[in-house]
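**Q** My questions all concern the structure below.
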Amino acid sequence: MIGSMVVAFSNTLSVLIVGRTIMGVASGVLQVIAIVILSDLIPIRQRGKYLGFMSAANLFGMSLGPLWGAIISKSIGWRWTAVLNVPILFIASNMVLFFIFIPAPPGSFKKKVVRIDFLGIILAVLAAGVFLAAFDIIGGVQRLPSILSIIFVVIGVVLAIVFIINEKKTKKDPLISYKVLQEHNVWIGFLSAIATGVVIYATLFTLPSFYRVITRNPDLAAEAKIWPWTVGVVISTVVCGISMTVYGNYKPYLVIGGIMMICGLTWLSLVNPGSNLIHSYLGSFLIGLGIGFRVPSVTIEAQCVVKYQDLASTTALINFARNVGGVIGMTSANQMLKYRFMDKVSTLAKENPEWESQLLLVSEGIISALWQVEDEEVKEKTLEAFAKTVNFIFYYCIFFSCIGFVLSLVTKKVKLLDEFDSDESHAPDLEQSKDEESVVGDEVKNKSETVEPNTVLDSTKGSSPTETIVVSPTKLAKHETVTES
């Protein structure tokens, strides 16, 4: 809310950037905190349906936000895009204040501060910042790879390695536990989230302009034709969330989502300015369905194998990965649109220098400039070149969708736990004695063998030969668990 007010009343570019930075940081924190609170209150199996609705709301806002902002900016001015955020955020923040009660963790503020891994935080921020800056540079260069972008990527990778080493060696509370990074499902989920993020942001960046071109409509109304993507996302996230709760499984939805994204993107890559609009709607709808099936299931995939105290960092890691994928998708799509399009129309621009400035504007994503070209032959050739460029972006997204699909095949399937009893606490008792026979938490050592959450204890005192005991974040419950690669 503060960031929105700074943006709304900014009078210089520096102030505007500060306001946008505040908004970005707050947005990132809120995304993670909302899921962490949900994870803190709801057991893993029941969590799916709630996460589905949350993901639907998030992706719905992502798809309609740019269109809503464009309409407001065009009608009453860009400052109002920030002003209108204030009352909405005020209502939301008060609802959190009065309806969500979270007890403060034990311990003094001083003791908590000295346990913070500040070095890990600095390394993580530097690694992420340098790596993302590399892709920002890529978005502004004509030929890949550029020397500067390669240097930035190398520095980012080195800093990431140093960060991992620090998390392993640190005596303080690590930003991300090294054991979490060793979990198969966590790093598979991390890579899957990056792949899905590329597709989400690249398609959101490309589809509005794509619909303007294939409908030959310069108005903003053409951008509203992205609605099949939105409908598909909302339907599949809700269905995926409810299904994970009902069937206690997440792996099928990762696979289904990957297949749908590949099919939708392949279908859209065949669409051209002369195609039936229904064909493009079908492709967008399939992409939305695929994304919706993957977003909540990737989060559950990573959460179900970590300890209770690592839920927050794991959730943050998956959201961070998705945002990194978004940066990669946006910058790559922008780079391809800018320079591949100009390569295709360079001869046309030389033959028709009077329209060269309009073609340059189109390459920058200002599609409305295309309708300033009065020569119909030049306009048609430009439309065709733009459509082919967008098709190449779809091929790029297909590549990442295939990566996500393959990753979903190698993830471990873990049967999700049943709902907790109403009289039991969701949180583990960290002070519990090692000698106690009842084990609370997500990690249990039995005969020198670590059993991760949601896995089976094959031999437990007092159980029958055919009985299996499942470790939940708060209790031991009888349940069947299946783990497979």
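As shown in the structure tokens, the chain order sets the letters A, B, ...; within each chain, residues go from 1, and ligands are also counted from 1 in the order they appear.
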Any idea what's packed within 12 Å of Gly129 (chain A), counting only C-alpha atoms, ignoring anything in its chain fewer than 3 positions away? Could you give it as a compact mmCIF listing (two decimals) with C-alpha atoms, in the first residue's frame?
**A**
```
# COMPACT_ATOMS: atom_id res chain seq x y z
CA ILE A 121 20.63 -13.52 2.89
CA ILE A 122 23.28 -11.27 1.31
CA LEU A 123 24.63 -14.10 -0.85
CA ALA A 124 21.13 -15.12 -1.97
CA VAL A 125 20.18 -11.55 -2.90
CA LEU A 126 23.45 -10.97 -4.76
CA LEU A 132 18.44 -11.69 -13.20
CA ALA A 133 20.52 -8.73 -14.38
CA ALA A 134 22.13 -11.06 -16.92
CA PHE A 135 18.75 -11.78 -18.46
CA ASP A 136 17.84 -8.11 -18.37
CA PHE A 152 26.92 -12.01 -15.10
CA VAL A 153 25.58 -15.57 -15.40
CA ILE A 155 29.13 -14.65 -11.33
CA GLY A 156 25.56 -15.53 -10.38
CA VAL A 157 26.29 -19.26 -10.51
CA LEU A 159 27.56 -16.81 -5.80
CA ALA A 160 24.83 -19.47 -5.74
CA PHE A 320 11.36 -17.64 -6.21
CA VAL A 324 13.08 -16.49 -12.01
CA VAL A 327 12.14 -13.16 -15.80
```
**Q** Could you go through region 209-245 of chain A and tell me which residues DSSP, when run on the backbone, assigns to alpha helix (DSSP H), listing them as a PyMOL selection string?
**A** chain A and resi 209-215+227-245
**Q** For the residues selected in the previous step, produce a file with N, CA and C atoms as a short mmCIF file (atom, residue, chain, number, x, y, z; two decimals), in the first residue's frame.
**A**
```cif
data_model
loop_
_atom_site.label_atom_id
_atom_site.label_comp_id
_atom_site.auth_asym_id
_atom_site.auth_seq_id
_atom_site.Cartn_x
_atom_site.Cartn_y
_atom_site.Cartn_z
N SER A 209 -0.59 -9.21 -27.80
CA SER A 209 -0.16 -8.72 -29.11
C SER A 209 -0.51 -9.71 -30.20
N PHE A 210 -0.41 -10.99 -29.89
CA PHE A 210 -0.73 -12.03 -30.85
C PHE A 210 -2.19 -11.92 -31.30
N TYR A 211 -3.09 -11.68 -30.34
CA TYR A 211 -4.51 -11.56 -30.69
C TYR A 211 -4.80 -10.29 -31.47
N ARG A 212 -4.08 -9.24 -31.20
CA ARG A 212 -4.24 -8.03 -32.01
C ARG A 212 -3.90 -8.30 -33.47
N VAL A 213 -2.85 -9.09 -33.67
CA VAL A 213 -2.39 -9.35 -35.04
C VAL A 213 -3.33 -10.28 -35.78
N ILE A 214 -3.71 -11.40 -35.16
CA ILE A 214 -4.52 -12.37 -35.89
C ILE A 214 -5.96 -11.89 -36.09
N THR A 215 -6.41 -10.94 -35.25
CA THR A 215 -7.75 -10.37 -35.44
C THR A 215 -7.71 -9.08 -36.24
N TRP A 227 -8.94 -14.31 -22.71
CA TRP A 227 -9.82 -14.91 -21.70
C TRP A 227 -9.79 -16.45 -21.67
N PRO A 228 -9.60 -17.17 -22.79
CA PRO A 228 -9.53 -18.64 -22.66
C PRO A 228 -8.37 -19.10 -21.79
N TRP A 229 -7.25 -18.39 -21.85
CA TRP A 229 -6.10 -18.70 -20.99
C TRP A 229 -6.52 -18.56 -19.53
N THR A 230 -7.22 -17.47 -19.22
CA THR A 230 -7.65 -17.20 -17.85
C THR A 230 -8.65 -18.24 -17.36
N VAL A 231 -9.62 -18.57 -18.21
CA VAL A 231 -10.64 -19.57 -17.84
C VAL A 231 -9.98 -20.92 -17.60
N GLY A 232 -9.06 -21.30 -18.48
CA GLY A 232 -8.37 -22.57 -18.32
C GLY A 232 -7.59 -22.64 -17.02
N VAL A 233 -6.90 -21.56 -16.68
CA VAL A 233 -6.11 -21.51 -15.44
C VAL A 233 -7.01 -21.65 -14.22
N VAL A 234 -8.10 -20.91 -14.19
CA VAL A 234 -8.99 -20.93 -13.02
C VAL A 234 -9.60 -22.32 -12.84
N ILE A 235 -10.06 -22.91 -13.93
CA ILE A 235 -10.69 -24.23 -13.85
C ILE A 235 -9.69 -25.28 -13.35
N SER A 236 -8.52 -25.31 -13.97
CA SER A 236 -7.58 -26.40 -13.66
C SER A 236 -6.94 -26.26 -12.28
N THR A 237 -6.68 -25.04 -11.81
CA THR A 237 -6.11 -24.90 -10.47
C THR A 237 -7.08 -25.40 -9.40
N VAL A 238 -8.35 -25.06 -9.57
CA VAL A 238 -9.36 -25.50 -8.61
C VAL A 238 -9.54 -27.01 -8.68
N VAL A 239 -9.66 -27.54 -9.89
CA VAL A 239 -9.82 -29.00 -10.06
C VAL A 239 -8.60 -29.74 -9.51
N CYS A 240 -7.41 -29.23 -9.80
CA CYS A 240 -6.18 -29.86 -9.32
C CYS A 240 -6.13 -29.87 -7.80
N GLY A 241 -6.44 -28.73 -7.19
CA GLY A 241 -6.41 -28.64 -5.73
C GLY A 241 -7.37 -29.59 -5.06
N ILE A 242 -8.60 -29.62 -5.55
CA ILE A 242 -9.61 -30.52 -4.96
C ILE A 242 -9.23 -31.98 -5.18
N SER A 243 -8.71 -32.28 -6.37
CA SER A 243 -8.33 -33.67 -6.68
C SER A 243 -7.17 -34.14 -5.81
N MET A 244 -6.22 -33.27 -5.53
CA MET A 244 -5.11 -33.65 -4.65
C MET A 244 -5.62 -33.99 -3.26
N THR A 245 -6.64 -33.26 -2.80
CA THR A 245 -7.22 -33.55 -1.49
C THR A 245 -8.00 -34.86 -1.51
#
```
**Q** Hey, what's within 9 Å of region 377-380 of chain A if we count only C-alpha atoms and toss same-chain stuff fewer than 4 positions away? As a count of residues only, please?
**A** 8
**Q** Find the residues near Val186 (chain A): any atom within 8 Å, counting only C-alpha atoms, skip ones fewer than 2 places away on the same chain, and give them as a PDB file with C-alpha atoms, in the first residue's frame.
**A**
```
ATOM      1  CA  VAL A 180      16.063 -29.298   1.999  1.00  0.00           C
ATOM      2  CA  LEU A 181      18.344 -28.685  -0.972  1.00  0.00           C
ATOM      3  CA  GLN A 182      19.258 -32.379  -0.941  1.00  0.00           C
ATOM      4  CA  GLU A 183      15.643 -33.514  -1.207  1.00  0.00           C
ATOM      5  CA  HIS A 184      14.898 -34.983  -4.632  1.00  0.00           C
ATOM      6  CA  ILE A 188      12.929 -31.230  -9.086  1.00  0.00           C
ATOM      7  CA  GLY A 189      10.159 -28.852  -7.990  1.00  0.00           C
ATOM      8  CA  PHE A 190      12.581 -25.921  -8.187  1.00  0.00           C
ATOM      9  CA  GLU A 301       5.462 -31.744  -4.520  1.00  0.00           C
ATOM     10  CA  ALA A 302       8.188 -29.880  -2.634  1.00  0.00           C
ATOM     11  CA  GLN A 303       6.345 -29.339   0.654  1.00  0.00           C
ATOM     12  CA  VAL A 305       9.036 -34.125   1.755  1.00  0.00           C
ATOM     13  CA  THR A 314      10.726 -24.408   0.779  1.00  0.00           C
TER      14      THR A 314
END
```
**Q** Can you work out which one of A:Leu67, A:Ile393, A:Ala316, A:Leu416 has the shortest atom-to-atom distance to Gly28 (chain A), counting only C-alpha atoms?
**A** A:Ala316
**Q** What lies within 12 Å of Lys171 (chain A) using only C-alpha atoms, ignoring chain neighbours under 3 positions off, as an MDAnalysis selection string?
**A** chainID A and resid 114:120 166:168 174:175 177
**Q** Measure the distance from CA of Leu59 (chain A) to CA of Lys225 (chain A) in Å and round it to one decimal.
**A**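 Between these atoms lies a distance of 16.1 Å.
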**Q** Which value, in Å to one decimal, gives the distance between CA of Ser108 (chain A) and CA of Ile176 (chain A)?
**A**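 Going from CA of Ser108 (chain A) over to CA of Ile176 (chain A), I get 22.2 Å.
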**Q** Which neighbours of Met342 (chain A) fall inside 9 Å, counting only C-alpha atoms, when residues of the same chain fewer than 3 positions from it are skipped, and could you give them as a list in words?
**A**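 The residues satisfying every condition are Leu337, Lys338, Tyr339, Val345, Ser346, Ala349, Leu359, Leu360, Ser363 and Ala385 of chain A.
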**Q** So which one's closest to Gly288 (chain A), A:Ile200, A:Ile37, A:Leu317, A:Ala333? Using only C-alpha atoms, please.
**A**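 For Gly288 (chain A), the nearest of the candidates is A:Ile200.
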**Q** Identify, on the basis of only C-alpha atoms, every residue whose closest approach to Val198 (chain A) does not exceed 12 Å; exclude the query and any residue fewer than 2 positions from it along the same chain; express the result as a VMD selection string.
**A** chain A and resid 191 to 196 200 to 206 261 291 321 to 333 393 to 394 396 to 404
**Q** For those residues, write N, CA and C atoms to a file as a short mmCIF file (atom, residue, chain, number, x, y, z; two decimals), in the first residue's frame.
**A**
```cif
data_model
loop_
_atom_site.label_atom_id
_atom_site.label_comp_id
_atom_site.auth_asym_id
_atom_site.auth_seq_id
_atom_site.Cartn_x
_atom_site.Cartn_y
_atom_site.Cartn_z
N LEU A 191 13.26 -26.78 -10.36
CA LEU A 191 13.45 -26.71 -11.81
C LEU A 191 12.10 -26.69 -12.55
N SER A 192 11.13 -27.45 -12.03
CA SER A 192 9.80 -27.46 -12.65
C SER A 192 9.14 -26.09 -12.55
N ALA A 193 9.32 -25.44 -11.40
CA ALA A 193 8.73 -24.10 -11.21
C ALA A 193 9.36 -23.10 -12.17
N ILE A 194 10.66 -23.21 -12.42
CA ILE A 194 11.31 -22.32 -13.39
C ILE A 194 10.71 -22.54 -14.78
N ALA A 195 10.57 -23.81 -15.18
CA ALA A 195 10.03 -24.12 -16.51
C ALA A 195 8.61 -23.59 -16.66
N THR A 196 7.78 -23.79 -15.63
CA THR A 196 6.41 -23.31 -15.69
C THR A 196 6.37 -21.78 -15.69
N ILE A 200 4.40 -19.25 -18.23
CA ILE A 200 3.39 -18.31 -17.73
C ILE A 200 3.66 -16.90 -18.24
N TYR A 201 4.84 -16.40 -17.98
CA TYR A 201 5.14 -15.01 -18.29
C TYR A 201 5.36 -14.77 -19.78
N ALA A 202 5.95 -15.74 -20.47
CA ALA A 202 6.16 -15.56 -21.91
C ALA A 202 4.83 -15.52 -22.65
N THR A 203 3.89 -16.37 -22.26
CA THR A 203 2.59 -16.36 -22.93
C THR A 203 1.77 -15.13 -22.55
N LEU A 204 1.84 -14.72 -21.28
CA LEU A 204 1.13 -13.50 -20.89
C LEU A 204 1.70 -12.28 -21.61
N PHE A 205 3.00 -12.27 -21.87
CA PHE A 205 3.64 -11.17 -22.58
C PHE A 205 3.28 -11.18 -24.07
N THR A 206 3.12 -12.37 -24.64
CA THR A 206 2.98 -12.50 -26.09
C THR A 206 1.54 -12.52 -26.57
N MET A 261 0.21 -28.21 -21.72
CA MET A 261 0.99 -27.05 -22.15
C MET A 261 1.65 -27.31 -23.50
N ILE A 291 -0.99 -24.92 -17.22
CA ILE A 291 -0.37 -24.10 -16.18
C ILE A 291 -1.09 -24.29 -14.84
N ALA A 321 11.70 -19.59 -7.63
CA ALA A 321 12.01 -20.27 -8.89
C ALA A 321 11.02 -19.90 -9.98
N ARG A 322 9.75 -19.82 -9.62
CA ARG A 322 8.73 -19.45 -10.62
C ARG A 322 8.95 -18.03 -11.11
N ASN A 323 9.34 -17.13 -10.22
CA ASN A 323 9.60 -15.75 -10.63
C ASN A 323 10.86 -15.64 -11.48
N VAL A 324 11.88 -16.46 -11.16
CA VAL A 324 13.08 -16.49 -12.01
C VAL A 324 12.71 -16.96 -13.41
N GLY A 325 11.88 -18.00 -13.47
CA GLY A 325 11.40 -18.45 -14.78
C GLY A 325 10.65 -17.36 -15.51
N GLY A 326 9.88 -16.57 -14.75
CA GLY A 326 9.15 -15.46 -15.37
C GLY A 326 10.08 -14.44 -15.98
N VAL A 327 11.16 -14.11 -15.26
CA VAL A 327 12.14 -13.16 -15.80
C VAL A 327 12.79 -13.71 -17.06
N ILE A 328 13.15 -14.99 -17.03
CA ILE A 328 13.75 -15.61 -18.21
C ILE A 328 12.77 -15.58 -19.38
N GLY A 329 11.52 -15.93 -19.11
CA GLY A 329 10.51 -15.94 -20.17
C GLY A 329 10.25 -14.57 -20.76
N MET A 330 10.11 -13.57 -19.88
CA MET A 330 9.82 -12.21 -20.35
C MET A 330 10.97 -11.64 -21.18
N THR A 331 12.19 -11.74 -20.66
CA THR A 331 13.33 -11.15 -21.36
C THR A 331 13.61 -11.88 -22.67
N SER A 332 13.48 -13.20 -22.65
CA SER A 332 13.73 -13.96 -23.88
C SER A 332 12.67 -13.66 -24.94
N ALA A 333 11.41 -13.59 -24.51
CA ALA A 333 10.34 -13.27 -25.47
C ALA A 333 10.53 -11.87 -26.04
N ILE A 393 8.43 -17.86 -30.51
CA ILE A 393 8.34 -17.76 -29.05
C ILE A 393 7.58 -18.96 -28.48
N PHE A 394 6.54 -19.39 -29.20
CA PHE A 394 5.81 -20.58 -28.77
C PHE A 394 6.69 -21.82 -28.81
N TYR A 396 9.84 -21.86 -28.30
CA TYR A 396 10.70 -21.67 -27.13
C TYR A 396 9.98 -22.16 -25.87
N CYS A 397 8.70 -21.82 -25.74
CA CYS A 397 7.91 -22.26 -24.59
C CYS A 397 7.68 -23.77 -24.62
N ILE A 398 7.54 -24.34 -25.82
CA ILE A 398 7.39 -25.79 -25.94
C ILE A 398 8.61 -26.50 -25.37
N PHE A 399 9.78 -25.96 -25.64
CA PHE A 399 11.03 -26.53 -25.13
C PHE A 399 11.00 -26.60 -23.60
N PHE A 400 10.61 -25.51 -22.95
CA PHE A 400 10.57 -25.50 -21.49
C PHE A 400 9.43 -26.36 -20.96
N SER A 401 8.33 -26.45 -21.71
CA SER A 401 7.23 -27.32 -21.30
C SER A 401 7.66 -28.78 -21.33
N CYS A 402 8.46 -29.15 -22.32
CA CYS A 402 8.99 -30.51 -22.40
C CYS A 402 9.91 -30.81 -21.22
N ILE A 403 10.72 -29.81 -20.84
CA ILE A 403 11.59 -29.98 -19.66
C ILE A 403 10.73 -30.23 -18.42
N GLY A 404 9.69 -29.41 -18.24
CA GLY A 404 8.80 -29.59 -17.10
C GLY A 404 8.12 -30.95 -17.11
#
```
**Q** Just to confirm, what's the straight-line distance from CA of Leu409 (chain A) to CA of Gly264 (chain A) in Å (one decimal)?
**A**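 Calculated distance between CA of Leu409 (chain A) and CA of Gly264 (chain A) is 19.5 Å.
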